[in-house]
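Notes to accompany the following structure.
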Amino acid sequence: MAAEVAEQPEVLARLVGRRSEIVEVAERVRQRRPRFALLAARGSSDHAALYAKYLIEVLLQLPAGLVSPSTTTLYGAEPDLADVLLVSVSQSGGSPDLIEVTESARRRGALTVAVTNTPGSPLNEAAELAVDIGAGRELAVAATKTYSATLLALYLLVDAVREGTAEHVADIGALAETTLSGSADQVAEAVRRYRFVERVITTGRGYSSATAAEAALKLAETSYLAARAYSGADLLHGPVAAVDAETAVLAVTSAGKGGAAMREVLDVVHERGADVLAVGSAAARASAALRLDVAESAEEVAPILEVLPIQRLALGLALARGGDPDHPRGLRKVTRTR
């Protein structure tokens, strides 16, 4: 896991260098002029899909939703998907439910795109079009480089559909390296502070909602922490009542509208005595006990960078708590569900 976290600057830079391949897929999407988009995914890929939902709704101004695969696999629903874009996101491309959803959607008129790290996978074969994130083989069970590369691939796809130039990610490899090196000491301090914590809430707004969700998953699967993710808005609509001095709150806050909307959230949880760890390019301005700084970028690409020190935090906490982050108990690299 440590090696794969460290690979990410190179992986991201390499993917930007292959942008022309993704542009070809985007041109096919643009020609079809979809009326709305659906995203199908599981696990970490589901958080990448949530990120893509924001990209599609904000940058393309198209309605977008997350698919519930069981409506197809268990209940046999067959809605009319003519002129719909279905993007299936899976690092392995081998999950039976996503394959079935993609095959079914294609039969019902959807333009289907598979985003995977496994060219030639069953999911790629099921879809009409495919995007290879090209992260290389990932050995650790916890997704790190495949997650960030999936985010970048989805951004490049959406940006190309709107005929953008990918200017905001031209130097993403360098920004990732700056983030990893610049936050290393802060991560070590956070590991020492939160080694014995048992309850964590993760939160973010806008694009960073995906980072908060992925942070909770990483902490749960590597460190076995009881971690729960909420959007900043939802946190104030009830769950904040459970926040007290025994609660650690990992708050994702980067420059932009989402980060600005988090200020009220952080003020409230800080007043309730929570121990707040702020992560992001706006962390320095947050009400927090500790901060993990992230290189500043355009808001819509910040999640690619925000997750990097969080992955290192999950790794460090797992080791400090006596776990094996490369082989979390009860988990396998590929989970097959239907």
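In the structure tokens, the first chain shown is A, the next is B, and so on; residue numbers restart at 1 for each chain, and ligands run from 1 in the order shown.
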Using only C-alpha atoms, tabulate the residues of stretch 140-236 of chain A lying at most 7 Å from any atom of stretch 290-307 of chain A, each with its closest atom pair and that distance in Å to one decimal, by chain and increasing residue number, as a Markdown table.
| residue | atom | partner | partner_atom | distance |
| --- | --- | --- | --- | --- |
| A:Ser148 | CA | A:Ile304 | CA | 5.4 |
| A:Leu151 | CA | A:Ile304 | CA | 6.1 |
| A:Leu152 | CA | A:Ile304 | CA | 6.6 |
| A:His168 | CA | A:Ala298 | CA | 6.2 |
| A:Leu175 | CA | A:Ala295 | CA | 5.9 |
| A:Ala176 | CA | A:Leu305 | CA | 5.9 |
| A:Thr178 | CA | A:Ala295 | CA | 6.5 |
| A:Thr179 | CA | A:Val294 | CA | 5.1 |
| A:Ser183 | CA | A:Leu292 | CA | 5.8 |
| A:Gln186 | CA | A:Leu292 | CA | 5.8 |
| A:Val187 | CA | A:Leu292 | CA | 6.7 |
| A:Tyr207 | CA | A:Glu300 | CA | 6.4 |
| A:Ser208 | CA | A:Pro303 | CA | 5.8 |
| A:Thr211 | CA | A:Pro303 | CA | 5.9 |
Could those residues be written to a file, using N, CA and C atoms, as a CSV table (one decimal), in the first residue's frame?
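Result file result-v1.csv:
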chain,number,residue,atom,x,y,z
A,148,SER,N,-7.4,7.2,-7.3
A,148,SER,CA,-7.1,8.6,-7.8
A,148,SER,C,-7.0,8.6,-9.3
A,151,LEU,N,-10.5,8.8,-10.7
A,151,LEU,CA,-11.0,10.2,-10.6
A,151,LEU,C,-10.5,11.0,-11.8
A,152,LEU,N,-9.2,10.9,-12.0
A,152,LEU,CA,-8.6,11.7,-13.1
A,152,LEU,C,-9.2,11.3,-14.5
A,168,HIS,N,-6.6,22.3,-16.2
A,168,HIS,CA,-6.5,22.2,-14.8
A,168,HIS,C,-5.8,21.0,-14.2
A,175,LEU,N,1.6,18.4,-8.7
A,175,LEU,CA,0.7,18.8,-7.6
A,175,LEU,C,0.6,17.6,-6.6
A,176,ALA,N,0.5,16.4,-7.2
A,176,ALA,CA,0.4,15.2,-6.3
A,176,ALA,C,1.6,15.0,-5.5
A,178,THR,N,3.8,17.3,-4.7
A,178,THR,CA,3.9,18.4,-3.7
A,178,THR,C,3.0,18.1,-2.5
A,179,THR,N,1.8,17.5,-2.7
A,179,THR,CA,0.9,17.2,-1.7
A,179,THR,C,1.4,16.1,-0.8
A,183,SER,N,2.8,17.1,3.1
A,183,SER,CA,1.9,16.7,4.2
A,183,SER,C,2.5,15.5,5.0
A,186,GLN,N,2.8,16.2,8.7
A,186,GLN,CA,1.4,16.4,9.3
A,186,GLN,C,0.7,15.0,9.5
A,187,VAL,N,0.9,14.2,8.5
A,187,VAL,CA,0.2,12.8,8.6
A,187,VAL,C,0.8,12.1,9.8
A,207,TYR,N,-17.8,18.7,-4.6
A,207,TYR,CA,-16.9,17.7,-5.1
A,207,TYR,C,-16.3,16.8,-4.0
A,208,SER,N,-16.0,17.5,-2.9
A,208,SER,CA,-15.3,16.8,-1.8
A,208,SER,C,-16.1,15.8,-1.0
A,211,THR,N,-14.6,12.6,-1.5
A,211,THR,CA,-13.4,12.3,-0.7
A,211,THR,C,-13.8,11.9,0.7
Self-check item: Who sits within 6 Å of stretch 239-253 of chain A, only C-alpha atoms, same chain under 3 positions skipped, as a ChimeraX atom specification
Solution: /A:199-204,235-236,259,272-280,282-283
Dump C-alpha atoms for the selected residues as a compact mmCIF listing (two decimals), in the first residue's frame?
# COMPACT_ATOMS: atom_id res chain seq x y z
CA ARG A 199 -15.23 6.82 16.32
CA VAL A 200 -14.67 9.02 13.29
CA ILE A 201 -17.00 11.15 11.20
CA THR A 202 -15.81 12.28 7.78
CA THR A 203 -17.48 15.18 6.02
CA GLY A 204 -17.21 17.42 2.96
CA LEU A 235 -24.29 16.41 9.15
CA LEU A 236 -26.07 19.53 10.40
CA GLY A 259 -14.89 24.50 1.03
CA ARG A 272 -19.38 20.84 20.30
CA GLY A 273 -15.85 19.90 21.35
CA ALA A 274 -15.02 17.53 18.49
CA ASP A 275 -11.39 16.92 17.61
CA VAL A 276 -11.25 18.21 14.02
CA LEU A 277 -8.69 17.19 11.41
CA ALA A 278 -9.01 19.48 8.38
CA VAL A 279 -7.78 18.18 5.02
CA GLY A 280 -7.48 20.25 1.87
CA ALA A 282 -8.29 25.54 2.60
CA ALA A 283 -7.40 23.60 5.76
Quiz item: Which residue gives the smallest distance to A:Ala286 among A:Leu139, A:Leu39, A:Val268, A:Leu157, with only C-alpha atoms counted?
Solution: A:Val268
Exercise. Any chance you could list, as an MDAnalysis selection string, the residues in stretch 97-253 of chain A that come up alpha helix (DSSP H) when DSSP is run on the backbone?
Key: chainID A and resid 97:107 122:126 145:161 172:182 184:194 209:223 232:236
Requested write-out: C-alpha atoms of the selected residues, as a short mmCIF file (atom, residue, chain, number, x, y, z; two decimals), in the first residue's frame:
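Generated output (again_27.cif):
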data_model
loop_
_atom_site.label_atom_id
_atom_site.label_comp_id
_atom_site.auth_asym_id
_atom_site.auth_seq_id
_atom_site.Cartn_x
_atom_site.Cartn_y
_atom_site.Cartn_z
CA ASP A 97 -23.70 -7.04 -11.06
CA LEU A 98 -22.00 -4.20 -12.93
CA ILE A 99 -21.55 -6.40 -15.98
CA GLU A 100 -25.25 -7.33 -15.91
CA VAL A 101 -26.31 -3.70 -15.45
CA THR A 102 -24.13 -2.62 -18.38
CA GLU A 103 -25.37 -5.39 -20.67
CA SER A 104 -28.97 -4.64 -19.76
CA ALA A 105 -28.57 -0.89 -20.25
CA ARG A 106 -26.97 -1.40 -23.65
CA ARG A 107 -29.89 -3.59 -24.76
CA PRO A 122 -15.76 -8.63 -18.98
CA LEU A 123 -17.07 -5.14 -18.20
CA ASN A 124 -15.09 -3.67 -21.09
CA GLU A 125 -16.54 -6.31 -23.37
CA ALA A 126 -20.07 -5.57 -22.15
CA LYS A 145 -3.56 4.56 -7.11
CA THR A 146 -6.52 3.03 -8.92
CA TYR A 147 -8.88 5.35 -7.05
CA SER A 148 -7.06 8.59 -7.83
CA ALA A 149 -6.46 7.49 -11.44
CA THR A 150 -10.16 6.70 -11.81
CA LEU A 151 -11.02 10.21 -10.60
CA LEU A 152 -8.62 11.70 -13.11
CA ALA A 153 -9.92 9.52 -15.95
CA LEU A 154 -13.49 10.58 -15.20
CA TYR A 155 -12.45 14.23 -15.10
CA LEU A 156 -10.62 13.93 -18.42
CA LEU A 157 -13.66 12.25 -19.97
CA VAL A 158 -16.14 14.87 -18.77
CA ASP A 159 -13.80 17.74 -19.63
CA ALA A 160 -13.32 16.36 -23.14
CA VAL A 161 -17.09 15.97 -23.63
CA ILE A 172 -1.47 17.13 -11.70
CA GLY A 173 1.54 14.84 -11.26
CA ALA A 174 3.61 17.67 -9.80
CA LEU A 175 0.72 18.79 -7.58
CA ALA A 176 0.35 15.24 -6.30
CA GLU A 177 4.06 15.04 -5.49
CA THR A 178 3.88 18.39 -3.67
CA THR A 179 0.88 17.19 -1.67
CA LEU A 180 2.47 13.91 -0.63
CA SER A 181 5.82 15.42 0.33
CA GLY A 182 4.35 18.54 1.95
CA ALA A 184 4.18 13.81 5.32
CA ASP A 185 5.05 15.30 8.72
CA GLN A 186 1.43 16.37 9.29
CA VAL A 187 0.24 12.83 8.56
CA ALA A 188 2.74 11.42 11.07
CA GLU A 189 1.46 13.83 13.72
CA ALA A 190 -2.15 12.90 12.93
CA VAL A 191 -1.32 9.20 13.30
CA ARG A 192 0.08 9.85 16.76
CA ARG A 193 -2.97 11.90 17.76
CA TYR A 194 -5.66 9.57 16.46
CA SER A 209 -18.26 14.74 -0.66
CA ALA A 210 -16.65 11.90 -2.61
CA THR A 211 -13.39 12.35 -0.68
CA ALA A 212 -15.23 12.20 2.63
CA ALA A 213 -16.93 8.95 1.57
CA GLU A 214 -13.66 7.41 0.44
CA ALA A 215 -11.92 8.53 3.65
CA ALA A 216 -14.50 6.70 5.77
CA LEU A 217 -14.07 3.54 3.71
CA LYS A 218 -10.27 3.64 3.90
CA LEU A 219 -10.28 4.11 7.67
CA ALA A 220 -12.81 1.31 8.13
CA GLU A 221 -11.16 -1.26 5.88
CA THR A 222 -7.54 -0.69 6.92
CA SER A 223 -7.77 0.46 10.56
CA GLY A 232 -21.54 18.79 5.50
CA ALA A 233 -25.17 19.75 4.95
CA ASP A 234 -26.52 16.38 6.08
CA LEU A 235 -24.29 16.41 9.15
CA LEU A 236 -26.07 19.53 10.40
#
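Distances here use only C-alpha atoms; by that measure, the residue among A:Ala320, A:Pro96, A:Ser90, A:Tyr51 closest to A:Thr72 is A:Pro96.
Compared by their closest atoms to A:Thr165, and using only C-alpha atoms, the residues A:Leu225, A:Ala2, A:Ala260, A:Val23 rank with A:Val23 nearest.
Using only C-alpha atoms, the contacts of A:Ala110 at a cut-off of 6 Å, with sequence neighbours closer than 2 positions omitted, comprise A:Leu81, A:Ala82, A:Asp83, A:Val84, A:Leu85, A:Ala105, A:Arg106, A:Thr112.
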Practice problem: Give the answer as one residue: which of A:Ser88, A:Ser95, A:Ala142, A:Ser281 has the shortest atom-to-atom distance to A:Ala48, using only C-alpha atoms? | Solution: A:Ser88
